[in-house]
Amino acid sequence: MSSVRSAGSLGFIRRPWRLLAEASALLIAVVVAFPLYWMVLSAFKPAGEIESSEPRPWTLDPSLDSFRRVFEQNEFGRYFVNSLVVACTVVIASALIAFLAATAVTRFRFRFRTTLLIMFLVAQMVPVEALTIPLFFLMRDFGQLNTLGSLILPHIAFSLPFAIWMLRGFVKAVPQALEEAAYIDGASRSRFLWQILFPLVFPGLVATSVFSFISAWNDFLFAKSFIISDTSQSTLPMALLVFYKPDEPDWGGVMAASTVMTIPVLIFFVLVQRRLVSGLGGAVKD
């Protein structure tokens, strides 16, 4: 009886802290989600309400004029396709390269392996802005300016350090005995790599792919720096400049274009959310 009372009192003591934690999480979620809500709301507001000196977090007269101006842009479809090509190429290429690299640094013993891993970590710490000018000259020397390659290659390079470090934990978690058993059964190294190891680390690949996709899809810095004169190679973030004019910015068009840009990211996230959760859980566990 005393144990029941002690358990009940312990639960009573813990409950206020649990309520405080839940309230804090809810408050943080509201703060994080509010800019997204304001963006979507502004996309549906008429021009008069957007430019009003008394902004309100609601509208009684929603309008699709801002979305109409976005889709009436002649190059908007091309921008969307370019962004899709860049993001998908970065996701696929970085995932495959990171998988092979993580397998190599985990399964093989070679000199300077630890040094190589530290270099990956150091490369991830370098600010992207500090490398923009050197990358510009590098892309110019390679003849990649005003091409989608000037956007794909840097994003692959910046995605690899994080992906390799994360996948290294998944590859390391696969027992060495499983690999030895596969070789005893006659499996070649390539067959073990793609038919056994690859499915086991696939949740980690999905988790890294989400970050690679978001980074490539929302990139504005490289798109502004490397696509100088050929607007046919521009991506969706560059479409925002069509509506932003220093003397007379079209905030409704900016918000509508930003909302349209967000939709593919949300769709991609919904499609991979289960594997993303398991992948992040595996990374934390490791």
# chains A, B, ... in the order shown; residues from 1 in each chain; ligands from 1
>>> residues_around(residues="Tyr244 of chain A", least_positions_apart="6", cutoff="9 Å", atoms="only C-alpha atoms", output="list in words")
Asp250, Trp251, Gly253 and Val254 of chain A
>>> residues_around(residues="Ala256 of chain A", least_positions_apart="5", cutoff="8 Å", atoms="only C-alpha atoms", output="list in words")
Met39, Val40, Ser42, Ala43, Phe44, Ser66, Phe67 and Val70 of chain A
>>> closest_residue(among="A:Leu138, A:Ile196, A:Ala95, A:Ala181", to="Pro161 of chain A", atoms="only C-alpha atoms")
A:Ala95
>>> residues_around(residues="segment 52-55 of chain A", least_positions_apart="5", cutoff="12 Å", atoms="only C-alpha atoms", output="JSON, numbers by chain")
{"A": [38, 41, 42, 45, 46, 47, 251]}
>>> write_last_selection(atoms="N, CA and C atoms", output="mmCIF file, in the first residue's frame")
data_model
loop_
_atom_site.group_PDB
_atom_site.id
_atom_site.type_symbol
_atom_site.label_atom_id
_atom_site.label_comp_id
_atom_site.auth_asym_id
_atom_site.auth_seq_id
_atom_site.Cartn_x
_atom_site.Cartn_y
_atom_site.Cartn_z
ATOM 1 N N TRP A 38 2.732 32.879 -41.657
ATOM 2 C CA TRP A 38 2.653 34.242 -42.161
ATOM 3 C C TRP A 38 2.967 34.297 -43.656
ATOM 4 N N LEU A 41 -0.173 32.998 -45.378
ATOM 5 C CA LEU A 41 -1.231 33.991 -45.225
ATOM 6 C C LEU A 41 -1.008 35.185 -46.143
ATOM 7 N N SER A 42 0.228 35.673 -46.212
ATOM 8 C CA SER A 42 0.530 36.817 -47.073
ATOM 9 C C SER A 42 0.349 36.480 -48.541
ATOM 10 N N LYS A 45 -3.309 37.040 -49.112
ATOM 11 C CA LYS A 45 -3.854 38.357 -48.825
ATOM 12 C C LYS A 45 -3.905 39.215 -50.079
ATOM 13 N N PRO A 46 -4.924 40.062 -50.214
ATOM 14 C CA PRO A 46 -4.914 41.038 -51.317
ATOM 15 C C PRO A 46 -3.836 42.087 -51.075
ATOM 16 N N ALA A 47 -3.490 42.817 -52.127
ATOM 17 C CA ALA A 47 -2.375 43.761 -52.043
ATOM 18 C C ALA A 47 -2.607 44.819 -50.980
ATOM 19 N N TRP A 251 5.368 42.028 -52.611
ATOM 20 C CA TRP A 251 5.477 41.086 -51.502
ATOM 21 C C TRP A 251 4.494 39.929 -51.659
#
>>> residues_around(residues="segment 139-156 of chain A", least_positions_apart="4", cutoff="12 Å", atoms="only C-alpha atoms", output="PDB file with N, CA and C atoms, in the first residue's frame")
ATOM      1  N   TYR A  79      12.312  27.371 -64.375  1.00  0.00           N
ATOM      2  CA  TYR A  79      12.983  27.459 -63.076  1.00  0.00           C
ATOM      3  C   TYR A  79      12.663  26.234 -62.217  1.00  0.00           C
ATOM      4  N   VAL A  81      11.777  23.180 -63.207  1.00  0.00           N
ATOM      5  CA  VAL A  81      12.455  21.993 -63.739  1.00  0.00           C
ATOM      6  C   VAL A  81      13.939  22.031 -63.409  1.00  0.00           C
ATOM      7  N   ASN A  82      14.563  23.190 -63.534  1.00  0.00           N
ATOM      8  CA  ASN A  82      15.992  23.303 -63.202  1.00  0.00           C
ATOM      9  C   ASN A  82      16.250  22.977 -61.739  1.00  0.00           C
ATOM     10  N   SER A  83      15.403  23.486 -60.848  1.00  0.00           N
ATOM     11  CA  SER A  83      15.564  23.174 -59.424  1.00  0.00           C
ATOM     12  C   SER A  83      15.390  21.684 -59.163  1.00  0.00           C
ATOM     13  N   LEU A  84      14.425  21.076 -59.850  1.00  0.00           N
ATOM     14  CA  LEU A  84      14.191  19.645 -59.669  1.00  0.00           C
ATOM     15  C   LEU A  84      15.382  18.829 -60.156  1.00  0.00           C
ATOM     16  N   VAL A  85      15.951  19.213 -61.296  1.00  0.00           N
ATOM     17  CA  VAL A  85      17.114  18.504 -61.834  1.00  0.00           C
ATOM     18  C   VAL A  85      18.304  18.628 -60.887  1.00  0.00           C
ATOM     19  N   VAL A  86      18.553  19.828 -60.396  1.00  0.00           N
ATOM     20  CA  VAL A  86      19.683  20.052 -59.498  1.00  0.00           C
ATOM     21  C   VAL A  86      19.508  19.271 -58.195  1.00  0.00           C
ATOM     22  N   ALA A  87      18.332  19.373 -57.585  1.00  0.00           N
ATOM     23  CA  ALA A  87      18.104  18.722 -56.297  1.00  0.00           C
ATOM     24  C   ALA A  87      18.165  17.203 -56.418  1.00  0.00           C
ATOM     25  N   CYS A  88      17.520  16.639 -57.423  1.00  0.00           N
ATOM     26  CA  CYS A  88      17.516  15.178 -57.580  1.00  0.00           C
ATOM     27  C   CYS A  88      18.908  14.652 -57.904  1.00  0.00           C
ATOM     28  N   THR A  89      19.651  15.366 -58.743  1.00  0.00           N
ATOM     29  CA  THR A  89      21.008  14.939 -59.069  1.00  0.00           C
ATOM     30  C   THR A  89      21.909  14.975 -57.841  1.00  0.00           C
ATOM     31  N   VAL A  90      21.784  16.024 -57.056  1.00  0.00           N
ATOM     32  CA  VAL A  90      22.592  16.139 -55.834  1.00  0.00           C
ATOM     33  C   VAL A  90      22.240  15.023 -54.865  1.00  0.00           C
ATOM     34  N   VAL A  91      20.959  14.727 -54.696  1.00  0.00           N
ATOM     35  CA  VAL A  91      20.532  13.685 -53.759  1.00  0.00           C
ATOM     36  C   VAL A  91      21.078  12.330 -54.181  1.00  0.00           C
ATOM     37  N   ILE A  92      20.902  11.967 -55.436  1.00  0.00           N
ATOM     38  CA  ILE A  92      21.324  10.642 -55.904  1.00  0.00           C
ATOM     39  C   ILE A  92      22.847  10.514 -55.878  1.00  0.00           C
ATOM     40  N   ALA A  93      23.532  11.510 -56.430  1.00  0.00           N
ATOM     41  CA  ALA A  93      24.991  11.428 -56.510  1.00  0.00           C
ATOM     42  C   ALA A  93      25.634  11.440 -55.120  1.00  0.00           C
ATOM     43  N   SER A  94      25.196  12.353 -54.260  1.00  0.00           N
ATOM     44  CA  SER A  94      25.791  12.431 -52.920  1.00  0.00           C
ATOM     45  C   SER A  94      25.493  11.181 -52.101  1.00  0.00           C
ATOM     46  N   ALA A  95      24.299  10.598 -52.266  1.00  0.00           N
ATOM     47  CA  ALA A  95      23.960   9.383 -51.511  1.00  0.00           C
ATOM     48  C   ALA A  95      24.845   8.214 -51.931  1.00  0.00           C
ATOM     49  N   LEU A  96      25.026   8.023 -53.226  1.00  0.00           N
ATOM     50  CA  LEU A  96      25.844   6.909 -53.708  1.00  0.00           C
ATOM     51  C   LEU A  96      27.316   7.088 -53.324  1.00  0.00           C
ATOM     52  N   ILE A  97      27.831   8.297 -53.532  1.00  0.00           N
ATOM     53  CA  ILE A  97      29.239   8.538 -53.199  1.00  0.00           C
ATOM     54  C   ILE A  97      29.465   8.409 -51.695  1.00  0.00           C
ATOM     55  N   ALA A  98      28.543   8.954 -50.902  1.00  0.00           N
ATOM     56  CA  ALA A  98      28.691   8.876 -49.445  1.00  0.00           C
ATOM     57  C   ALA A  98      28.610   7.435 -48.961  1.00  0.00           C
ATOM     58  N   GLN A 124      33.282  20.459 -43.231  1.00  0.00           N
ATOM     59  CA  GLN A 124      31.900  20.797 -42.919  1.00  0.00           C
ATOM     60  C   GLN A 124      31.803  22.071 -42.086  1.00  0.00           C
ATOM     61  N   VAL A 128      30.138  28.448 -45.968  1.00  0.00           N
ATOM     62  CA  VAL A 128      29.951  28.395 -47.418  1.00  0.00           C
ATOM     63  C   VAL A 128      30.299  29.738 -48.051  1.00  0.00           C
ATOM     64  N   LEU A 131      33.839  30.325 -49.224  1.00  0.00           N
ATOM     65  CA  LEU A 131      34.310  29.564 -50.382  1.00  0.00           C
ATOM     66  C   LEU A 131      33.630  29.974 -51.688  1.00  0.00           C
ATOM     67  N   THR A 132      32.718  30.927 -51.633  1.00  0.00           N
ATOM     68  CA  THR A 132      31.965  31.290 -52.831  1.00  0.00           C
ATOM     69  C   THR A 132      32.864  31.870 -53.911  1.00  0.00           C
ATOM     70  N   ILE A 133      33.746  32.794 -53.532  1.00  0.00           N
ATOM     71  CA  ILE A 133      34.625  33.417 -54.524  1.00  0.00           C
ATOM     72  C   ILE A 133      35.613  32.399 -55.110  1.00  0.00           C
ATOM     73  N   PRO A 134      36.307  31.578 -54.287  1.00  0.00           N
ATOM     74  CA  PRO A 134      37.172  30.550 -54.898  1.00  0.00           C
ATOM     75  C   PRO A 134      36.400  29.591 -55.792  1.00  0.00           C
ATOM     76  N   LEU A 135      35.182  29.220 -55.392  1.00  0.00           N
ATOM     77  CA  LEU A 135      34.380  28.334 -56.235  1.00  0.00           C
ATOM     78  C   LEU A 135      33.990  29.014 -57.537  1.00  0.00           C
ATOM     79  N   LEU A 160      28.594  15.880 -48.911  1.00  0.00           N
ATOM     80  CA  LEU A 160      29.311  14.645 -48.626  1.00  0.00           C
ATOM     81  C   LEU A 160      29.858  14.528 -47.201  1.00  0.00           C
ATOM     82  N   PRO A 161      30.480  15.561 -46.609  1.00  0.00           N
ATOM     83  CA  PRO A 161      31.032  15.370 -45.244  1.00  0.00           C
ATOM     84  C   PRO A 161      29.991  14.914 -44.240  1.00  0.00           C
ATOM     85  N   PHE A 162      28.833  15.593 -44.200  1.00  0.00           N
ATOM     86  CA  PHE A 162      27.782  15.210 -43.261  1.00  0.00           C
ATOM     87  C   PHE A 162      27.256  13.812 -43.571  1.00  0.00           C
ATOM     88  N   ALA A 163      27.061  13.513 -44.855  1.00  0.00           N
ATOM     89  CA  ALA A 163      26.513  12.205 -45.242  1.00  0.00           C
ATOM     90  C   ALA A 163      27.473  11.076 -44.899  1.00  0.00           C
ATOM     91  N   ILE A 164      28.756  11.285 -45.128  1.00  0.00           N
ATOM     92  CA  ILE A 164      29.745  10.237 -44.829  1.00  0.00           C
ATOM     93  C   ILE A 164      29.818   9.977 -43.331  1.00  0.00           C
ATOM     94  N   THR A 208      20.050  11.450 -44.811  1.00  0.00           N
ATOM     95  CA  THR A 208      21.010  12.377 -45.411  1.00  0.00           C
ATOM     96  C   THR A 208      20.458  12.994 -46.684  1.00  0.00           C
ATOM     97  N   SER A 209      19.634  12.241 -47.417  1.00  0.00           N
ATOM     98  CA  SER A 209      19.074  12.763 -48.654  1.00  0.00           C
ATOM     99  C   SER A 209      18.128  13.924 -48.402  1.00  0.00           C
ATOM    100  N   PHE A 211      18.367  16.238 -46.070  1.00  0.00           N
ATOM    101  CA  PHE A 211      19.173  17.441 -45.867  1.00  0.00           C
ATOM    102  C   PHE A 211      19.807  17.900 -47.182  1.00  0.00           C
ATOM    103  N   SER A 212      20.244  16.969 -48.005  1.00  0.00           N
ATOM    104  CA  SER A 212      20.826  17.339 -49.296  1.00  0.00           C
ATOM    105  C   SER A 212      19.787  17.975 -50.193  1.00  0.00           C
ATOM    106  N   PHE A 213      18.576  17.422 -50.198  1.00  0.00           N
ATOM    107  CA  PHE A 213      17.509  17.950 -51.042  1.00  0.00           C
ATOM    108  C   PHE A 213      17.121  19.364 -50.618  1.00  0.00           C
ATOM    109  N   ILE A 214      16.958  19.577 -49.327  1.00  0.00           N
ATOM    110  CA  ILE A 214      16.564  20.903 -48.842  1.00  0.00           C
ATOM    111  C   ILE A 214      17.643  21.933 -49.152  1.00  0.00           C
ATOM    112  N   SER A 215      18.904  21.563 -48.960  1.00  0.00           N
ATOM    113  CA  SER A 215      20.002  22.489 -49.221  1.00  0.00           C
ATOM    114  C   SER A 215      20.068  22.874 -50.692  1.00  0.00           C
ATOM    115  N   ALA A 216      19.934  21.895 -51.584  1.00  0.00           N
ATOM    116  CA  ALA A 216      20.010  22.184 -53.015  1.00  0.00           C
ATOM    117  C   ALA A 216      18.768  22.908 -53.515  1.00  0.00           C
ATOM    118  N   TRP A 217      17.614  22.546 -52.983  1.00  0.00           N
ATOM    119  CA  TRP A 217      16.356  23.132 -53.461  1.00  0.00           C
ATOM    120  C   TRP A 217      16.242  24.606 -53.060  1.00  0.00           C
ATOM    121  N   ASN A 218      16.674  24.946 -51.862  1.00  0.00           N
ATOM    122  CA  ASN A 218      16.518  26.312 -51.359  1.00  0.00           C
ATOM    123  C   ASN A 218      17.726  27.199 -51.624  1.00  0.00           C
ATOM    124  N   ASP A 219      18.702  26.701 -52.364  1.00  0.00           N
ATOM    125  CA  ASP A 219      19.942  27.474 -52.549  1.00  0.00           C
ATOM    126  C   ASP A 219      19.685  28.752 -53.339  1.00  0.00           C
ATOM    127  N   PHE A 220      20.171  29.829 -52.809  1.00  0.00           N
ATOM    128  CA  PHE A 220      20.122  31.115 -53.506  1.00  0.00           C
ATOM    129  C   PHE A 220      21.517  31.673 -53.754  1.00  0.00           C
ATOM    130  N   LEU A 221      22.453  31.390 -52.833  1.00  0.00           N
ATOM    131  CA  LEU A 221      23.796  31.960 -52.923  1.00  0.00           C
ATOM    132  C   LEU A 221      24.517  31.505 -54.185  1.00  0.00           C
ATOM    133  N   PHE A 222      24.589  30.200 -54.411  1.00  0.00           N
ATOM    134  CA  PHE A 222      25.277  29.687 -55.599  1.00  0.00           C
ATOM    135  C   PHE A 222      24.531  30.057 -56.880  1.00  0.00           C
ATOM    136  N   ALA A 223      23.206  30.008 -56.825  1.00  0.00           N
ATOM    137  CA  ALA A 223      22.423  30.355 -58.015  1.00  0.00           C
ATOM    138  C   ALA A 223      22.657  31.806 -58.418  1.00  0.00           C
ATOM    139  N   LYS A 224      22.784  32.678 -57.425  1.00  0.00           N
ATOM    140  CA  LYS A 224      23.031  34.093 -57.716  1.00  0.00           C
ATOM    141  C   LYS A 224      24.464  34.325 -58.159  1.00  0.00           C
ATOM    142  N   SER A 225      25.405  33.524 -57.655  1.00  0.00           N
ATOM    143  CA  SER A 225      26.825  33.759 -57.931  1.00  0.00           C
ATOM    144  C   SER A 225      27.285  33.140 -59.241  1.00  0.00           C
ATOM    145  N   PHE A 226      26.757  31.960 -59.588  1.00  0.00           N
ATOM    146  CA  PHE A 226      27.279  31.202 -60.725  1.00  0.00           C
ATOM    147  C   PHE A 226      26.420  31.319 -61.978  1.00  0.00           C
ATOM    148  N   ILE A 227      25.148  31.665 -61.832  1.00  0.00           N
ATOM    149  CA  ILE A 227      24.283  31.878 -63.007  1.00  0.00           C
ATOM    150  C   ILE A 227      24.202  33.377 -63.220  1.00  0.00           C
ATOM    151  N   ILE A 228      25.021  33.883 -64.123  1.00  0.00           N
ATOM    152  CA  ILE A 228      25.181  35.329 -64.251  1.00  0.00           C
ATOM    153  C   ILE A 228      24.321  35.899 -65.369  1.00  0.00           C
ATOM    154  N   SER A 229      24.422  35.339 -66.562  1.00  0.00           N
ATOM    155  CA  SER A 229      23.762  35.938 -67.726  1.00  0.00           C
ATOM    156  C   SER A 229      22.699  35.050 -68.349  1.00  0.00           C
ATOM    157  N   ASP A 230      22.833  33.732 -68.237  1.00  0.00           N
ATOM    158  CA  ASP A 230      21.885  32.822 -68.877  1.00  0.00           C
ATOM    159  C   ASP A 230      20.753  32.504 -67.897  1.00  0.00           C
ATOM    160  N   THR A 231      19.662  33.259 -67.978  1.00  0.00           N
ATOM    161  CA  THR A 231      18.542  33.058 -67.048  1.00  0.00           C
ATOM    162  C   THR A 231      17.811  31.744 -67.286  1.00  0.00           C
ATOM    163  N   SER A 232      18.027  31.106 -68.429  1.00  0.00           N
ATOM    164  CA  SER A 232      17.368  29.824 -68.681  1.00  0.00           C
ATOM    165  C   SER A 232      17.908  28.728 -67.772  1.00  0.00           C
ATOM    166  N   GLN A 233      19.066  28.964 -67.134  1.00  0.00           N
ATOM    167  CA  GLN A 233      19.654  28.003 -66.222  1.00  0.00           C
ATOM    168  C   GLN A 233      19.380  28.351 -64.756  1.00  0.00           C
ATOM    169  N   SER A 234      18.545  29.333 -64.516  1.00  0.00           N
ATOM    170  CA  SER A 234      18.245  29.742 -63.149  1.00  0.00           C
ATOM    171  C   SER A 234      17.322  28.743 -62.467  1.00  0.00           C
ATOM    172  N   THR A 235      17.292  28.798 -61.158  1.00  0.00           N
ATOM    173  CA  THR A 235      16.454  27.908 -60.362  1.00  0.00           C
ATOM    174  C   THR A 235      15.356  28.719 -59.664  1.00  0.00           C
TER     175      THR A 235
END
>>> closest_residue(among="A:Val201, A:Val260, A:Leu236, A:Ala207", to="Phe76 of chain A", atoms="only C-alpha atoms")
A:Leu236
>>> atom_distance(atom1="atom CA of Ala102 of chain A", atom2="atom CA of Ile184 of chain A")
23.6 Å
>>> select_by_dssp(residues="segment 179-223 of chain A", states="alpha helix (DSSP H)", output="number ranges by chain")
A: 179-184, 189-191, 198-200, 202-217, 221-223
>>> closest_residue(among="A:Phe170, A:Phe268, A:Gly252, A:Ala177", to="Ser63 of chain A", atoms="only C-alpha atoms")
A:Gly252
>>> decode(residues="segment 32-47 of chain A", atoms="N, CA and C atoms", output="JSON list (two decimals), in the first residue's frame")
[["chain", "number", "residue", "atom", "x", "y", "z"],
["A", 32, "VAL", "N", 8.32, 28.42, -34.26],
["A", 32, "VAL", "CA", 8.96, 27.96, -35.49],
["A", 32, "VAL", "C", 7.98, 27.97, -36.66],
["A", 33, "ALA", "N", 6.72, 27.62, -36.41],
["A", 33, "ALA", "CA", 5.74, 27.52, -37.48],
["A", 33, "ALA", "C", 5.14, 28.87, -37.87],
["A", 34, "PHE", "N", 5.27, 29.88, -37.02],
["A", 34, "PHE", "CA", 4.62, 31.17, -37.31],
["A", 34, "PHE", "C", 5.13, 31.81, -38.59],
["A", 35, "PRO", "N", 6.46, 31.85, -38.87],
["A", 35, "PRO", "CA", 6.89, 32.43, -40.16],
["A", 35, "PRO", "C", 6.29, 31.72, -41.37],
["A", 36, "LEU", "N", 6.18, 30.38, -41.28],
["A", 36, "LEU", "CA", 5.56, 29.64, -42.38],
["A", 36, "LEU", "C", 4.09, 30.03, -42.54],
["A", 37, "TYR", "N", 3.39, 30.15, -41.41],
["A", 37, "TYR", "CA", 1.99, 30.57, -41.45],
["A", 37, "TYR", "C", 1.85, 31.97, -42.05],
["A", 38, "TRP", "N", 2.73, 32.88, -41.66],
["A", 38, "TRP", "CA", 2.65, 34.24, -42.16],
["A", 38, "TRP", "C", 2.97, 34.30, -43.66],
["A", 39, "MET", "N", 3.88, 33.45, -44.11],
["A", 39, "MET", "CA", 4.19, 33.41, -45.54],
["A", 39, "MET", "C", 2.98, 32.97, -46.35],
["A", 40, "VAL", "N", 2.33, 31.88, -45.92],
["A", 40, "VAL", "CA", 1.15, 31.38, -46.64],
["A", 40, "VAL", "C", 0.02, 32.39, -46.55],
["A", 41, "LEU", "N", -0.17, 33.00, -45.38],
["A", 41, "LEU", "CA", -1.23, 33.99, -45.23],
["A", 41, "LEU", "C", -1.01, 35.19, -46.14],
["A", 42, "SER", "N", 0.23, 35.67, -46.21],
["A", 42, "SER", "CA", 0.53, 36.82, -47.07],
["A", 42, "SER", "C", 0.35, 36.48, -48.54],
["A", 43, "ALA", "N", 0.55, 35.21, -48.90],
["A", 43, "ALA", "CA", 0.36, 34.81, -50.29],
["A", 43, "ALA", "C", -1.11, 34.89, -50.69],
["A", 44, "PHE", "N", -2.01, 34.73, -49.73],
["A", 44, "PHE", "CA", -3.44, 34.77, -50.02],
["A", 44, "PHE", "C", -4.07, 36.15, -49.73],
["A", 45, "LYS", "N", -3.31, 37.04, -49.11],
["A", 45, "LYS", "CA", -3.85, 38.36, -48.82],
["A", 45, "LYS", "C", -3.90, 39.22, -50.08],
["A", 46, "PRO", "N", -4.92, 40.06, -50.21],
["A", 46, "PRO", "CA", -4.91, 41.04, -51.32],
["A", 46, "PRO", "C", -3.84, 42.09, -51.07],
["A", 47, "ALA", "N", -3.49, 42.82, -52.13],
["A", 47, "ALA", "CA", -2.37, 43.76, -52.04],
["A", 47, "ALA", "C", -2.61, 44.82, -50.98]]
